[in-house]
file target32.txt (compact mmCIF, N, CA and C atoms)
# COMPACT_ATOMS: atom_id res chain seq x y z
N MET A 1319 0.83 -1.19 0.00
CA MET A 1319 0.00 0.00 0.00
C MET A 1319 0.87 1.24 0.00
N ARG A 1320 0.34 2.27 -0.63
CA ARG A 1320 1.00 3.58 -0.61
C ARG A 1320 -0.04 4.61 -0.19
N TYR A 1321 0.43 5.65 0.47
CA TYR A 1321 -0.45 6.67 1.00
C TYR A 1321 0.04 8.04 0.57
N PHE A 1322 -0.93 8.90 0.21
CA PHE A 1322 -0.62 10.24 -0.27
C PHE A 1322 -1.58 11.23 0.39
N LYS A 1323 -1.20 12.52 0.34
CA LYS A 1323 -2.09 13.56 0.80
C LYS A 1323 -1.90 14.80 -0.06
N SER A 1324 -2.93 15.63 -0.08
CA SER A 1324 -2.84 16.91 -0.77
C SER A 1324 -3.65 17.92 0.03
N ALA A 1325 -3.26 19.18 -0.10
CA ALA A 1325 -3.90 20.24 0.67
C ALA A 1325 -4.75 21.11 -0.25
N MET A 1326 -5.82 21.65 0.32
CA MET A 1326 -6.64 22.63 -0.38
C MET A 1326 -7.24 23.58 0.65
N PHE A 1327 -7.50 24.79 0.25
CA PHE A 1327 -8.09 25.78 1.14
C PHE A 1327 -9.60 25.78 0.96
N ILE A 1328 -10.32 25.75 2.08
CA ILE A 1328 -11.78 25.83 2.06
C ILE A 1328 -12.17 27.14 2.73
N PRO A 1329 -12.81 28.06 2.02
CA PRO A 1329 -13.20 29.35 2.60
C PRO A 1329 -14.05 29.15 3.86
N GLY A 1330 -13.71 29.88 4.90
CA GLY A 1330 -14.45 29.80 6.15
C GLY A 1330 -14.03 28.67 7.06
N LYS A 1331 -13.21 27.76 6.56
CA LYS A 1331 -12.78 26.62 7.37
C LYS A 1331 -11.28 26.49 7.45
N GLY A 1332 -10.57 26.97 6.46
CA GLY A 1332 -9.12 26.88 6.46
C GLY A 1332 -8.61 25.73 5.62
N GLN A 1333 -7.43 25.26 5.98
CA GLN A 1333 -6.74 24.21 5.23
C GLN A 1333 -7.43 22.86 5.43
N ALA A 1334 -7.64 22.15 4.34
CA ALA A 1334 -8.18 20.79 4.39
C ALA A 1334 -7.18 19.86 3.73
N TRP A 1335 -7.13 18.63 4.20
CA TRP A 1335 -6.22 17.62 3.66
C TRP A 1335 -7.03 16.46 3.11
N THR A 1336 -6.71 16.05 1.92
CA THR A 1336 -7.30 14.85 1.33
C THR A 1336 -6.23 13.77 1.34
N TYR A 1337 -6.58 12.63 1.91
CA TYR A 1337 -5.67 11.48 2.02
C TYR A 1337 -6.15 10.38 1.08
N ILE A 1338 -5.20 9.67 0.49
CA ILE A 1338 -5.52 8.62 -0.47
C ILE A 1338 -4.75 7.35 -0.11
N GLU A 1339 -5.45 6.23 -0.10
CA GLU A 1339 -4.82 4.92 0.06
C GLU A 1339 -4.86 4.24 -1.30
N ALA A 1340 -3.69 3.84 -1.81
CA ALA A 1340 -3.62 3.24 -3.15
C ALA A 1340 -2.72 2.01 -3.13
N THR A 1341 -2.97 1.14 -4.09
CA THR A 1341 -2.12 -0.04 -4.26
C THR A 1341 -0.84 0.37 -4.99
N ASP A 1342 0.09 -0.56 -5.08
CA ASP A 1342 1.33 -0.30 -5.82
C ASP A 1342 1.06 -0.13 -7.32
N GLU A 1343 -0.10 -0.58 -7.77
CA GLU A 1343 -0.50 -0.44 -9.18
C GLU A 1343 -1.33 0.82 -9.41
N ASP A 1344 -1.36 1.74 -8.44
CA ASP A 1344 -2.07 3.02 -8.53
C ASP A 1344 -3.59 2.90 -8.53
N ARG A 1345 -4.11 1.83 -7.96
CA ARG A 1345 -5.56 1.68 -7.81
C ARG A 1345 -5.97 2.30 -6.48
N VAL A 1346 -6.89 3.25 -6.50
CA VAL A 1346 -7.34 3.94 -5.28
C VAL A 1346 -8.33 3.06 -4.54
N LEU A 1347 -8.06 2.83 -3.26
CA LEU A 1347 -8.93 1.98 -2.45
C LEU A 1347 -9.86 2.79 -1.55
N ARG A 1348 -9.29 3.77 -0.85
CA ARG A 1348 -10.09 4.60 0.07
C ARG A 1348 -9.52 6.02 0.06
N THR A 1349 -10.40 6.98 0.35
CA THR A 1349 -9.94 8.36 0.52
C THR A 1349 -10.64 8.95 1.73
N LEU A 1350 -10.06 10.01 2.25
CA LEU A 1350 -10.70 10.76 3.32
C LEU A 1350 -10.27 12.21 3.25
N THR A 1351 -11.11 13.08 3.75
CA THR A 1351 -10.79 14.51 3.83
C THR A 1351 -10.88 14.93 5.28
N HIS A 1352 -9.88 15.66 5.74
CA HIS A 1352 -9.80 16.10 7.13
C HIS A 1352 -9.58 17.61 7.16
N VAL A 1353 -10.40 18.31 7.94
CA VAL A 1353 -10.24 19.74 8.16
C VAL A 1353 -9.80 19.92 9.61
N PRO A 1354 -8.50 20.10 9.85
CA PRO A 1354 -8.00 20.15 11.22
C PRO A 1354 -8.61 21.26 12.08
N SER A 1355 -8.90 22.42 11.51
CA SER A 1355 -9.41 23.54 12.31
C SER A 1355 -10.80 23.28 12.87
N THR A 1356 -11.59 22.46 12.19
CA THR A 1356 -12.95 22.14 12.66
C THR A 1356 -13.10 20.68 13.07
N GLU A 1357 -12.03 19.89 12.87
CA GLU A 1357 -12.02 18.45 13.15
C GLU A 1357 -13.05 17.69 12.31
N GLU A 1358 -13.48 18.27 11.18
CA GLU A 1358 -14.37 17.55 10.27
C GLU A 1358 -13.60 16.43 9.58
N LEU A 1359 -14.28 15.32 9.41
CA LEU A 1359 -13.66 14.15 8.79
C LEU A 1359 -14.70 13.49 7.88
N SER A 1360 -14.33 13.29 6.64
CA SER A 1360 -15.23 12.67 5.67
C SER A 1360 -14.52 11.46 5.08
N ARG A 1361 -15.04 10.26 5.35
CA ARG A 1361 -14.44 9.02 4.85
C ARG A 1361 -15.18 8.56 3.59
N ILE A 1362 -14.43 8.10 2.62
CA ILE A 1362 -15.02 7.58 1.39
C ILE A 1362 -14.44 6.18 1.17
N PRO A 1363 -15.15 5.13 1.63
CA PRO A 1363 -14.63 3.77 1.53
C PRO A 1363 -14.62 3.21 0.11
N ASP A 1364 -15.46 3.74 -0.78
CA ASP A 1364 -15.52 3.28 -2.17
C ASP A 1364 -15.53 4.51 -3.08
N PRO A 1365 -14.36 5.13 -3.28
CA PRO A 1365 -14.33 6.39 -4.03
C PRO A 1365 -14.69 6.21 -5.51
N VAL A 1366 -15.22 7.28 -6.10
CA VAL A 1366 -15.58 7.28 -7.51
C VAL A 1366 -14.32 7.18 -8.37
N VAL A 1367 -13.28 7.91 -7.98
CA VAL A 1367 -12.01 7.87 -8.70
C VAL A 1367 -11.29 6.58 -8.31
N LYS A 1368 -11.07 5.71 -9.27
CA LYS A 1368 -10.48 4.40 -8.98
C LYS A 1368 -9.00 4.29 -9.32
N VAL A 1369 -8.48 5.27 -10.08
CA VAL A 1369 -7.09 5.22 -10.51
C VAL A 1369 -6.39 6.50 -10.06
N LEU A 1370 -5.23 6.34 -9.47
CA LEU A 1370 -4.43 7.47 -9.01
C LEU A 1370 -3.88 8.21 -10.22
N PHE A 1371 -4.12 9.51 -10.28
CA PHE A 1371 -3.59 10.29 -11.38
C PHE A 1371 -2.96 11.57 -10.84
N MET A 1372 -2.07 12.13 -11.63
CA MET A 1372 -1.33 13.34 -11.25
C MET A 1372 -0.65 13.16 -9.90
N LYS A 1373 -0.06 12.00 -9.68
CA LYS A 1373 0.55 11.73 -8.39
C LYS A 1373 1.77 12.60 -8.11
N GLU A 1374 2.32 13.25 -9.15
CA GLU A 1374 3.42 14.18 -8.93
C GLU A 1374 2.98 15.41 -8.13
N ARG A 1375 1.68 15.64 -8.06
CA ARG A 1375 1.14 16.76 -7.27
C ARG A 1375 0.78 16.34 -5.84
N LEU A 1376 0.92 15.07 -5.54
CA LEU A 1376 0.59 14.55 -4.22
C LEU A 1376 1.84 14.43 -3.36
N THR A 1377 1.64 14.52 -2.05
CA THR A 1377 2.73 14.35 -1.10
C THR A 1377 2.61 12.97 -0.47
N PRO A 1378 3.66 12.16 -0.54
CA PRO A 1378 3.60 10.87 0.15
C PRO A 1378 3.43 11.09 1.66
N CYS A 1379 2.71 10.20 2.31
CA CYS A 1379 2.56 10.28 3.77
C CYS A 1379 2.67 8.88 4.35
N GLU A 1380 2.81 8.83 5.64
CA GLU A 1380 2.94 7.55 6.35
C GLU A 1380 1.59 6.86 6.46
N ALA A 1381 1.61 5.55 6.44
CA ALA A 1381 0.38 4.77 6.59
C ALA A 1381 -0.31 5.09 7.90
N GLY A 1382 0.47 5.28 8.97
CA GLY A 1382 -0.10 5.57 10.28
C GLY A 1382 -0.93 6.84 10.31
N GLU A 1383 -0.54 7.84 9.55
CA GLU A 1383 -1.28 9.10 9.50
C GLU A 1383 -2.67 8.87 8.91
N PHE A 1384 -2.74 8.13 7.80
CA PHE A 1384 -4.03 7.80 7.19
C PHE A 1384 -4.87 6.93 8.11
N LEU A 1385 -4.27 5.85 8.62
CA LEU A 1385 -5.01 4.89 9.43
C LEU A 1385 -5.51 5.48 10.74
N GLU A 1386 -4.75 6.40 11.33
CA GLU A 1386 -5.20 7.05 12.57
C GLU A 1386 -6.44 7.88 12.31
N LEU A 1387 -6.45 8.63 11.22
CA LEU A 1387 -7.64 9.42 10.88
C LEU A 1387 -8.81 8.53 10.50
N TRP A 1388 -8.55 7.48 9.74
CA TRP A 1388 -9.63 6.58 9.31
C TRP A 1388 -10.29 5.92 10.52
N GLY A 1389 -9.53 5.62 11.54
CA GLY A 1389 -10.05 4.93 12.71
C GLY A 1389 -10.74 5.81 13.75
N ARG A 1390 -10.70 7.12 13.55
CA ARG A 1390 -11.36 8.01 14.52
C ARG A 1390 -12.86 7.81 14.52
N PRO A 1391 -13.48 7.98 15.68
CA PRO A 1391 -14.94 7.82 15.75
C PRO A 1391 -15.68 8.96 15.06

call {"tool": "encode", "arguments": {"input": "target32.txt", "output": "structure tokens"}}
result
Amino acid sequence: MRYFKSAMFIPGKGQAWTYIEATDEDRVLRTLTHVPSTEELSRIPDPVVKVLFMKERLTPCEAGEFLELWGRP
């Protein structure tokens, strides 16, 4: 498994992070979006986007970072 994240600004909420879990073959398995300033968390267990694209714009991240957020109540 490989894990990536990307940042985007959401007006009125601040910085949001989108995390992606993908296979070594670039197949997207799960995604989540986290807004740290509001602690909002949106999990997508079966994302519409199935193939990782433009990965040069993504930042690699540790599996633990993704899994910790995914496991939050």

call {"tool": "closest_residue", "arguments": {"input": "target32.txt", "among": "A:Leu1347, A:Phe1371, A:Gln1333, A:Asp1342", "to": "Arg1320 (chain A)", "atoms": "only C-alpha atoms"}}
result
A:Asp1342

call {"tool": "atom_distance", "arguments": {"input": "target32.txt", "atom1": "CA of Asp1364 (chain A)", "atom2": "CA of Lys1331 (chain A)"}}
result
25.4 Å

call {"tool": "residues_around", "arguments": {"input": "target32.txt", "residues": "region 1339-1341 of chain A", "least_positions_apart": "2", "cutoff": "6 Å", "atoms": "all atoms listed in the file", "output": "list in words"}}
result
Met1319, Arg1320, Tyr1321, Phe1322, Tyr1337, Glu1343, Asp1344, Arg1345, Val1346, Leu1347, Arg1348 and Thr1349 of chain A

call {"tool": "atom_distance", "arguments": {"input": "target32.txt", "atom1": "CA of Ser1360 (chain A)", "atom2": "CA of Glu1374 (chain A)"}}
result
23.7 Å

call {"tool": "atom_distance", "arguments": {"input": "target32.txt", "atom1": "CA of Glu1383 (chain A)", "atom2": "CA of Pro1329 (chain A)"}}
result
24.5 Å

call {"tool": "residues_near_point", "arguments": {"input": "target32.txt", "point": "(-7.3, 16.7, 1.7)", "cutoff": "7 Å", "atoms": "only N, CA and C atoms", "output": "list in words"}}
result
Lys1323, Ser1324, Ala1325, Met1326, Ala1334, Trp1335, Thr1336, Tyr1337, Leu1350, Thr1351 and His1352 of chain A

call {"tool": "write_last_selection", "arguments": {"input": "target32.txt", "atoms": "N, CA and C atoms", "output": "mmCIF file, keeping the file's coordinate frame"}}
result
data_model
loop_
_atom_site.group_PDB
_atom_site.id
_atom_site.type_symbol
_atom_site.label_atom_id
_atom_site.label_comp_id
_atom_site.auth_asym_id
_atom_site.auth_seq_id
_atom_site.Cartn_x
_atom_site.Cartn_y
_atom_site.Cartn_z
ATOM 1 N N LYS A 1323 -1.200 12.520 0.340
ATOM 2 C CA LYS A 1323 -2.090 13.560 0.800
ATOM 3 C C LYS A 1323 -1.900 14.800 -0.060
ATOM 4 N N SER A 1324 -2.930 15.630 -0.080
ATOM 5 C CA SER A 1324 -2.840 16.910 -0.770
ATOM 6 C C SER A 1324 -3.650 17.920 0.030
ATOM 7 N N ALA A 1325 -3.260 19.180 -0.100
ATOM 8 C CA ALA A 1325 -3.900 20.240 0.670
ATOM 9 C C ALA A 1325 -4.750 21.110 -0.250
ATOM 10 N N MET A 1326 -5.820 21.650 0.320
ATOM 11 C CA MET A 1326 -6.640 22.630 -0.380
ATOM 12 C C MET A 1326 -7.240 23.580 0.650
ATOM 13 N N ALA A 1334 -7.640 22.150 4.340
ATOM 14 C CA ALA A 1334 -8.180 20.790 4.390
ATOM 15 C C ALA A 1334 -7.180 19.860 3.730
ATOM 16 N N TRP A 1335 -7.130 18.630 4.200
ATOM 17 C CA TRP A 1335 -6.220 17.620 3.660
ATOM 18 C C TRP A 1335 -7.030 16.460 3.110
ATOM 19 N N THR A 1336 -6.710 16.050 1.920
ATOM 20 C CA THR A 1336 -7.300 14.850 1.330
ATOM 21 C C THR A 1336 -6.230 13.770 1.340
ATOM 22 N N TYR A 1337 -6.580 12.630 1.910
ATOM 23 C CA TYR A 1337 -5.670 11.480 2.020
ATOM 24 C C TYR A 1337 -6.150 10.380 1.080
ATOM 25 N N LEU A 1350 -10.060 10.010 2.250
ATOM 26 C CA LEU A 1350 -10.700 10.760 3.320
ATOM 27 C C LEU A 1350 -10.270 12.210 3.250
ATOM 28 N N THR A 1351 -11.110 13.080 3.750
ATOM 29 C CA THR A 1351 -10.790 14.510 3.830
ATOM 30 C C THR A 1351 -10.880 14.930 5.280
ATOM 31 N N HIS A 1352 -9.880 15.660 5.740
ATOM 32 C CA HIS A 1352 -9.800 16.100 7.130
ATOM 33 C C HIS A 1352 -9.580 17.610 7.160
#

call {"tool": "axis_aligned_box", "arguments": {"input": "target32.txt", "around": "region 1355-1366 of chain A", "padding_each_side": "8 Å", "output": "JSON"}}
result
{"center_x": -12.2, "center_y": 13.4, "center_z": 2.4, "size_x": 22.7, "size_y": 36.3, "size_z": 37.5}

call {"tool": "decode", "arguments": {"input": "target32.txt", "residues": "chain A", "atoms": "C-alpha atoms", "output": "short mmCIF file (atom, residue, chain, number, x, y, z; two decimals), in the first residue's frame"}}
result
data_model
loop_
_atom_site.label_atom_id
_atom_site.label_comp_id
_atom_site.auth_asym_id
_atom_site.auth_seq_id
_atom_site.Cartn_x
_atom_site.Cartn_y
_atom_site.Cartn_z
CA MET A 1319 0.00 0.00 0.00
CA ARG A 1320 1.00 3.58 -0.61
CA TYR A 1321 -0.45 6.67 1.00
CA PHE A 1322 -0.62 10.24 -0.27
CA LYS A 1323 -2.09 13.56 0.80
CA SER A 1324 -2.84 16.91 -0.77
CA ALA A 1325 -3.90 20.24 0.67
CA MET A 1326 -6.64 22.63 -0.38
CA PHE A 1327 -8.09 25.78 1.14
CA ILE A 1328 -11.78 25.83 2.06
CA PRO A 1329 -13.20 29.35 2.60
CA GLY A 1330 -14.45 29.80 6.15
CA LYS A 1331 -12.78 26.62 7.37
CA GLY A 1332 -9.12 26.88 6.46
CA GLN A 1333 -6.74 24.21 5.23
CA ALA A 1334 -8.18 20.79 4.39
CA TRP A 1335 -6.22 17.62 3.66
CA THR A 1336 -7.30 14.85 1.33
CA TYR A 1337 -5.67 11.48 2.02
CA ILE A 1338 -5.52 8.62 -0.47
CA GLU A 1339 -4.82 4.92 0.06
CA ALA A 1340 -3.62 3.24 -3.15
CA THR A 1341 -2.12 -0.04 -4.26
CA ASP A 1342 1.33 -0.30 -5.82
CA GLU A 1343 -0.50 -0.44 -9.18
CA ASP A 1344 -2.07 3.02 -8.53
CA ARG A 1345 -5.56 1.68 -7.81
CA VAL A 1346 -7.34 3.94 -5.28
CA LEU A 1347 -8.93 1.98 -2.45
CA ARG A 1348 -10.09 4.60 0.07
CA THR A 1349 -9.94 8.36 0.52
CA LEU A 1350 -10.70 10.76 3.32
CA THR A 1351 -10.79 14.51 3.83
CA HIS A 1352 -9.80 16.10 7.13
CA VAL A 1353 -10.24 19.74 8.16
CA PRO A 1354 -8.00 20.15 11.22
CA SER A 1355 -9.41 23.54 12.31
CA THR A 1356 -12.95 22.14 12.66
CA GLU A 1357 -12.02 18.45 13.15
CA GLU A 1358 -14.37 17.55 10.27
CA LEU A 1359 -13.66 14.15 8.79
CA SER A 1360 -15.23 12.67 5.67
CA ARG A 1361 -14.44 9.02 4.85
CA ILE A 1362 -15.02 7.58 1.39
CA PRO A 1363 -14.63 3.77 1.53
CA ASP A 1364 -15.52 3.28 -2.17
CA PRO A 1365 -14.33 6.39 -4.03
CA VAL A 1366 -15.58 7.28 -7.51
CA VAL A 1367 -12.01 7.87 -8.70
CA LYS A 1368 -10.48 4.40 -8.98
CA VAL A 1369 -7.09 5.22 -10.51
CA LEU A 1370 -4.43 7.47 -9.01
CA PHE A 1371 -3.59 10.29 -11.38
CA MET A 1372 -1.33 13.34 -11.25
CA LYS A 1373 0.55 11.73 -8.39
CA GLU A 1374 3.42 14.18 -8.93
CA ARG A 1375 1.14 16.76 -7.27
CA LEU A 1376 0.59 14.55 -4.22
CA THR A 1377 2.73 14.35 -1.10
CA PRO A 1378 3.60 10.87 0.15
CA CYS A 1379 2.56 10.28 3.77
CA GLU A 1380 2.94 7.55 6.35
CA ALA A 1381 0.38 4.77 6.59
CA GLY A 1382 -0.10 5.57 10.28
CA GLU A 1383 -1.28 9.10 9.50
CA PHE A 1384 -4.03 7.80 7.19
CA LEU A 1385 -5.01 4.89 9.43
CA GLU A 1386 -5.20 7.05 12.57
CA LEU A 1387 -7.64 9.42 10.88
CA TRP A 1388 -9.63 6.58 9.31
CA GLY A 1389 -10.05 4.93 12.71
CA ARG A 1390 -11.36 8.01 14.52
CA PRO A 1391 -14.94 7.82 15.75
#
